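Data block for structure15.csv (CSV, C-alpha atoms):
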```
chain,number,residue,atom,x,y,z
A,13,MET,CA,-5.7,-3.1,49.7
A,14,ASP,CA,-4.1,0.1,50.8
A,15,LEU,CA,-0.7,1.2,49.4
A,16,ASN,CA,0.7,1.7,52.9
A,17,LYS,CA,-0.1,-1.9,54.0
A,18,LEU,CA,1.5,-3.2,50.8
A,19,LYS,CA,4.6,-1.1,51.5
A,20,GLN,CA,4.8,-2.5,55.0
A,21,LYS,CA,4.4,-6.1,53.9
A,22,ILE,CA,7.2,-5.7,51.3
A,23,LEU,CA,9.5,-4.0,53.9
A,24,LYS,CA,8.8,-6.8,56.5
A,25,ALA,CA,9.4,-9.6,53.9
A,26,ASP,CA,12.6,-11.6,54.1
A,27,ASN,CA,15.4,-11.4,51.5
A,28,LYS,CA,14.2,-14.5,49.7
A,29,THR,CA,10.8,-12.8,48.8
A,30,ILE,CA,12.6,-9.6,47.6
A,31,GLN,CA,15.0,-11.6,45.5
A,32,ASP,CA,12.0,-13.6,43.9
A,33,LEU,CA,10.2,-10.3,43.2
A,34,THR,CA,13.3,-8.8,41.6
A,35,VAL,CA,13.9,-11.9,39.4
A,36,ILE,CA,10.2,-11.8,38.3
A,37,PHE,CA,10.5,-8.1,37.5
A,38,ILE,CA,13.7,-8.6,35.5
A,39,ILE,CA,12.2,-11.5,33.5
A,40,GLY,CA,9.1,-9.4,32.7
A,41,LEU,CA,11.3,-6.5,31.6
A,42,ILE,CA,13.3,-8.8,29.3
A,43,ILE,CA,10.1,-10.2,27.8
A,44,LEU,CA,8.8,-6.7,27.1
A,45,ILE,CA,12.1,-5.6,25.5
A,46,GLY,CA,12.3,-8.8,23.4
A,47,ALA,CA,8.8,-8.4,22.2
A,48,SER,CA,9.3,-4.8,21.2
A,49,ILE,CA,12.4,-5.8,19.2
A,50,PHE,CA,10.8,-8.7,17.3
A,51,PHE,CA,7.4,-7.2,16.7
A,52,LYS,CA,8.2,-3.8,15.2
A,53,PRO,CA,5.7,-2.5,12.6
A,54,LYS,CA,6.8,-3.1,9.1
A,55,PRO,CA,7.5,0.1,7.0
A,56,THR,CA,5.2,0.6,4.2
A,57,ASN,CA,5.9,1.7,0.7
A,58,LYS,CA,4.5,5.3,0.4
A,59,ASP,CA,3.8,4.9,-3.3
A,60,SER,CA,1.7,1.8,-2.8
A,61,ASP,CA,-0.5,3.7,-0.3
A,62,LYS,CA,-1.3,6.3,-2.9
A,63,GLN,CA,-2.8,4.0,-5.5
A,64,MET,CA,-5.0,1.0,-5.5
A,65,VAL,CA,-6.0,-1.5,-8.2
A,66,VAL,CA,-9.7,-0.9,-8.7
A,67,LYS,CA,-10.5,-3.6,-11.2
A,68,GLN,CA,-9.0,-5.9,-13.7
A,69,VAL,CA,-10.4,-5.8,-17.2
A,70,ALA,CA,-10.8,-9.1,-19.0
A,71,ASN,CA,-7.8,-9.8,-21.2
A,72,ASP,CA,-9.9,-11.6,-23.9
A,73,ASP,CA,-10.8,-8.3,-25.6
A,74,TYR,CA,-7.1,-7.2,-25.6
A,75,ALA,CA,-5.8,-10.5,-26.8
A,76,SER,CA,-8.5,-10.7,-29.5
A,77,GLN,CA,-7.7,-7.2,-30.7
A,78,LEU,CA,-4.0,-8.0,-30.9
A,79,GLU,CA,-4.7,-11.2,-32.8
A,80,LEU,CA,-6.9,-9.4,-35.3
A,81,GLU,CA,-4.4,-6.6,-35.9
A,82,LEU,CA,-1.5,-9.1,-36.3
A,83,LYS,CA,-3.5,-11.3,-38.6
A,84,ASN,CA,-4.4,-8.3,-40.8
A,85,ILE,CA,-0.8,-7.0,-41.1
A,86,LEU,CA,0.9,-10.4,-41.3
A,87,SER,CA,-1.4,-11.6,-44.1
A,88,LYS,CA,-0.1,-8.7,-46.2
A,89,ILE,CA,3.5,-9.9,-46.1
A,90,HIS,CA,4.5,-11.3,-49.6
A,91,GLY,CA,4.2,-15.1,-49.6
A,92,ALA,CA,2.6,-15.4,-46.2
A,93,GLY,CA,-0.8,-16.6,-47.6
A,94,ASN,CA,-3.6,-17.4,-45.1
A,95,VAL,CA,-2.5,-16.4,-41.5
A,96,ASP,CA,-3.9,-17.3,-38.1
A,97,VAL,CA,-2.5,-15.8,-34.9
A,98,LEU,CA,-2.8,-16.8,-31.2
A,99,VAL,CA,-1.7,-14.3,-28.5
A,100,THR,CA,-1.5,-15.4,-24.8
A,101,LEU,CA,-1.2,-13.0,-21.9
A,102,ASP,CA,0.3,-13.4,-18.4
A,103,SER,CA,-2.4,-11.4,-16.6
A,104,ASP,CA,-5.3,-9.1,-16.9
A,105,GLU,CA,-5.2,-5.4,-17.5
A,106,GLU,CA,-5.0,-3.5,-14.3
A,107,VAL,CA,-6.7,-0.1,-13.7
A,108,VAL,CA,-5.0,2.0,-11.0
A,109,ALA,CA,-7.1,4.6,-9.2
A,110,ALA,CA,-5.9,7.7,-7.4
A,111,MET,CA,-6.0,7.4,-3.6
A,112,ASP,CA,-6.4,10.2,-1.0
A,113,THR,CA,-4.1,9.2,1.8
A,114,VAL,CA,-4.4,10.8,5.3
A,115,GLN,CA,-1.7,9.9,7.8
A,116,SER,CA,-1.6,11.0,11.4
A,117,GLU,CA,0.9,10.3,14.2
A,118,THR,CA,0.5,10.9,17.9
A,119,THR,CA,3.5,10.8,20.3
A,120,THR,CA,2.8,10.6,24.1
A,121,ASN,CA,5.6,10.9,26.7
A,122,GLU,CA,4.7,9.8,30.2
A,123,LYS,CA,6.7,10.1,33.4
A,124,ASP,CA,6.0,8.1,36.5
A,125,SER,CA,6.7,9.1,40.1
A,126,ASN,CA,9.9,6.9,40.2
A,127,GLY,CA,11.5,8.9,37.4
A,128,GLY,CA,10.9,6.4,34.6
A,129,THR,CA,9.6,7.5,31.2
A,130,ARG,CA,7.5,5.8,28.6
A,131,THR,CA,7.0,7.0,25.1
A,132,THR,CA,4.0,5.8,23.1
A,133,ILE,CA,3.8,6.5,19.3
A,134,GLN,CA,0.5,5.9,17.6
A,135,SER,CA,0.1,6.2,13.9
A,136,GLU,CA,-2.9,5.9,11.7
A,137,THR,CA,-3.3,5.8,7.9
A,138,ASN,CA,-6.6,6.2,6.1
A,139,ASN,CA,-6.9,5.5,2.3
A,140,LYS,CA,-9.9,6.6,0.2
A,141,ILE,CA,-10.4,6.3,-3.5
A,142,VAL,CA,-10.7,9.6,-5.3
A,143,THR,CA,-13.9,9.8,-7.3
A,144,SER,CA,-15.3,12.2,-9.9
A,145,GLN,CA,-18.8,12.7,-10.9
A,146,THR,CA,-19.8,11.9,-14.5
A,147,THR,CA,-22.4,14.0,-16.5
A,148,SER,CA,-25.0,11.4,-15.5
A,149,GLY,CA,-24.3,12.0,-11.8
A,150,GLU,CA,-22.5,8.7,-11.1
A,151,ASN,CA,-19.3,8.6,-9.0
A,152,GLN,CA,-16.4,6.9,-10.8
A,153,PRO,CA,-12.9,6.4,-9.6
A,154,MET,CA,-10.3,8.8,-11.0
A,155,ILE,CA,-7.9,6.6,-13.1
A,156,LEU,CA,-4.2,7.3,-12.7
A,157,LYS,CA,-3.1,4.7,-15.3
A,158,LYS,CA,-3.9,1.5,-17.0
A,159,VAL,CA,-1.3,-1.3,-17.0
A,160,MET,CA,-1.7,-3.5,-20.0
A,161,PRO,CA,-0.9,-7.2,-19.5
A,162,GLU,CA,2.5,-8.7,-20.5
A,163,ILE,CA,2.5,-10.9,-23.6
A,164,ARG,CA,3.4,-14.5,-22.7
A,165,GLY,CA,3.8,-15.7,-26.3
A,166,VAL,CA,2.6,-15.5,-29.9
A,167,VAL,CA,1.9,-18.4,-32.3
A,168,VAL,CA,1.6,-17.6,-36.0
A,169,VAL,CA,0.3,-20.3,-38.4
A,170,ALA,CA,0.8,-19.3,-42.1
A,171,ASP,CA,0.5,-21.1,-45.4
A,172,GLY,CA,3.8,-19.6,-46.6
A,173,ALA,CA,5.8,-20.4,-43.4
A,174,LYS,CA,7.4,-23.3,-45.2
A,175,ASP,CA,9.7,-20.8,-46.9
A,176,PRO,CA,12.5,-19.8,-44.3
A,177,ASN,CA,12.5,-16.2,-45.6
A,178,VAL,CA,8.7,-15.8,-45.1
A,179,GLN,CA,9.0,-17.4,-41.7
A,180,TYR,CA,11.8,-14.9,-40.8
A,181,GLU,CA,9.7,-12.0,-42.0
A,182,LEU,CA,6.7,-13.1,-40.0
A,183,MET,CA,8.7,-13.6,-36.8
A,184,THR,CA,10.5,-10.3,-37.0
A,185,SER,CA,7.3,-8.5,-37.8
A,186,VAL,CA,5.6,-9.9,-34.7
A,187,GLU,CA,8.7,-9.0,-32.6
A,188,THR,CA,8.7,-5.4,-33.9
A,189,ALA,CA,4.9,-4.9,-33.7
A,190,LEU,CA,4.6,-6.1,-30.1
A,191,GLY,CA,8.1,-5.3,-28.8
A,192,ILE,CA,8.7,-8.8,-27.6
A,193,PRO,CA,11.9,-11.0,-27.9
A,194,ALA,CA,12.2,-13.8,-30.5
A,195,TYR,CA,11.9,-16.6,-27.9
A,196,LYS,CA,8.2,-15.6,-27.3
A,197,VAL,CA,7.3,-16.0,-31.0
A,198,LYS,CA,6.7,-19.3,-32.8
A,199,VAL,CA,6.0,-19.3,-36.6
A,200,VAL,CA,4.8,-22.6,-38.1
A,201,SER,CA,3.4,-23.6,-41.5
A,202,SER,CA,-0.2,-24.8,-41.8
A,203,LYS,CA,-1.2,-28.2,-43.1
```
Now, as a test, write the supplied structure out as structure tokens.
Amino acid sequence: MDLNKLKQKILKADNKTIQDLTVIFIIGLIILIGASIFFKPKPTNKDSDKQMVVKQVANDDYASQLELELKNILSKIHGAGNVDVLVTLDSDEEVVAAMDTVQSETTTNEKDSNGGTRTTIQSETNNKIVTSQTTSGENQPMILKKVMPEIRGVVVVADGAKDPNVQYELMTSVETALGIPAYKVKVVSSK
């Protein structure tokens, strides 16, 4: 349909049709404004874009190592006797890799023939893990840091834990060695 014909039809239309078109236009405008208010893009944390958890190392090795070291040191405490240790962890070890982040933003301003303007902002973020080549030629992610798991609790079973002084020494030794509060340590005597 030709624009001139459409223009003539609108000009020949009665007041009721013009009012209906105006109401529909205003409702559409309100919907667009409402949608833009409620559906804004959420801001991102810039630090989280720069790093990514590559893998989680099994915590069995870490817990076993802690148990062995604690058992060795606690069994040397005078009066402790035979000692067994159980360490529980909240999560696995996390290895955080370096990220190469590329951000781009494009702003477009458009003006129509009626004098209205429209601004369009388009942003794009690309993340890529930074890798380095080993001597064998393999690509491995560059590690920023390793986050060790938090200790959930420690149980110490010792022959000498019947004596309150030995029990106290065992508990404070575990607290000091692992840097954990007393409520995460339980010391009991063996059968």
*Rank nothing, just name the residue among A:Leu78, A:Leu182, A:Ala47, A:Ile141 nearest to Val114 in chain A, using all atoms listed in the file.*
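Nearest to Val114 in chain A: A:Ile141.
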*Distance in Å - CA of Ile42 in chain A versus CA of Thr131 in chain A*: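 We find that CA of Ile42 in chain A and CA of Thr131 in chain A lie 17.5 Å from each other.
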*Spatial neighbours of Val168 in chain A, 9 Å, all atoms listed in the file, chain gap at least 6 places, as JSON, numbers by chain*: {"A": [83, 86, 95, 96, 97, 98, 99, 182, 183, 186, 197, 198, 199, 200, 201]}
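Reported to one decimal place, the separation of CA of Thr100 in chain A from CA of Pro161 in chain A is 9.8 Å.
Here the question is which of A:Ile163, A:Ala92, A:Thr29, A:Leu80 gets nearest to Tyr195 in chain A using all atoms listed in the file, and that residue is A:Ile163.
Coordinates place CA of Gly91 in chain A at a distance of 14.9 Å from CA of Thr184 in chain A.
When all atoms listed in the file are used to compute distances to Glu81 in chain A, the closest of the residues A:Leu190, A:Asn16, A:Val107, A:Lys196 turns out to be A:Leu190.
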*Find the residue from A:Ala75, A:Leu101, A:Ile36, A:Ile133 that sits nearest to Arg164 in chain A; use all atoms listed in the file when measuring.*
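Selected residue with least distance to Arg164 in chain A: A:Leu101.
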*Using all atoms listed in the file, determine which residues lie at most 9 Å from Lys157 in chain A, disregarding the query and same-chain residues fewer than 5 positions distant; provide the list as a VMD selection string.*
chain A and resid 106 to 110
_Show me, as a PyMOL selection string, the residues that have an atom within 12 Å of range 116-129 of chain A when counting only C-alpha atoms, minus same-chain residues fewer than 6 positions from it._
chain A and resi 135-139
*Which residue out of A:Ser87, A:Gln134, A:Ser148, A:Ser76 has the minimum interatomic distance to Asp171 in chain A when all atoms listed in the file are used?*
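When distances to Asp171 in chain A are compared using all atoms listed in the file, the smallest one comes from A:Ser87.
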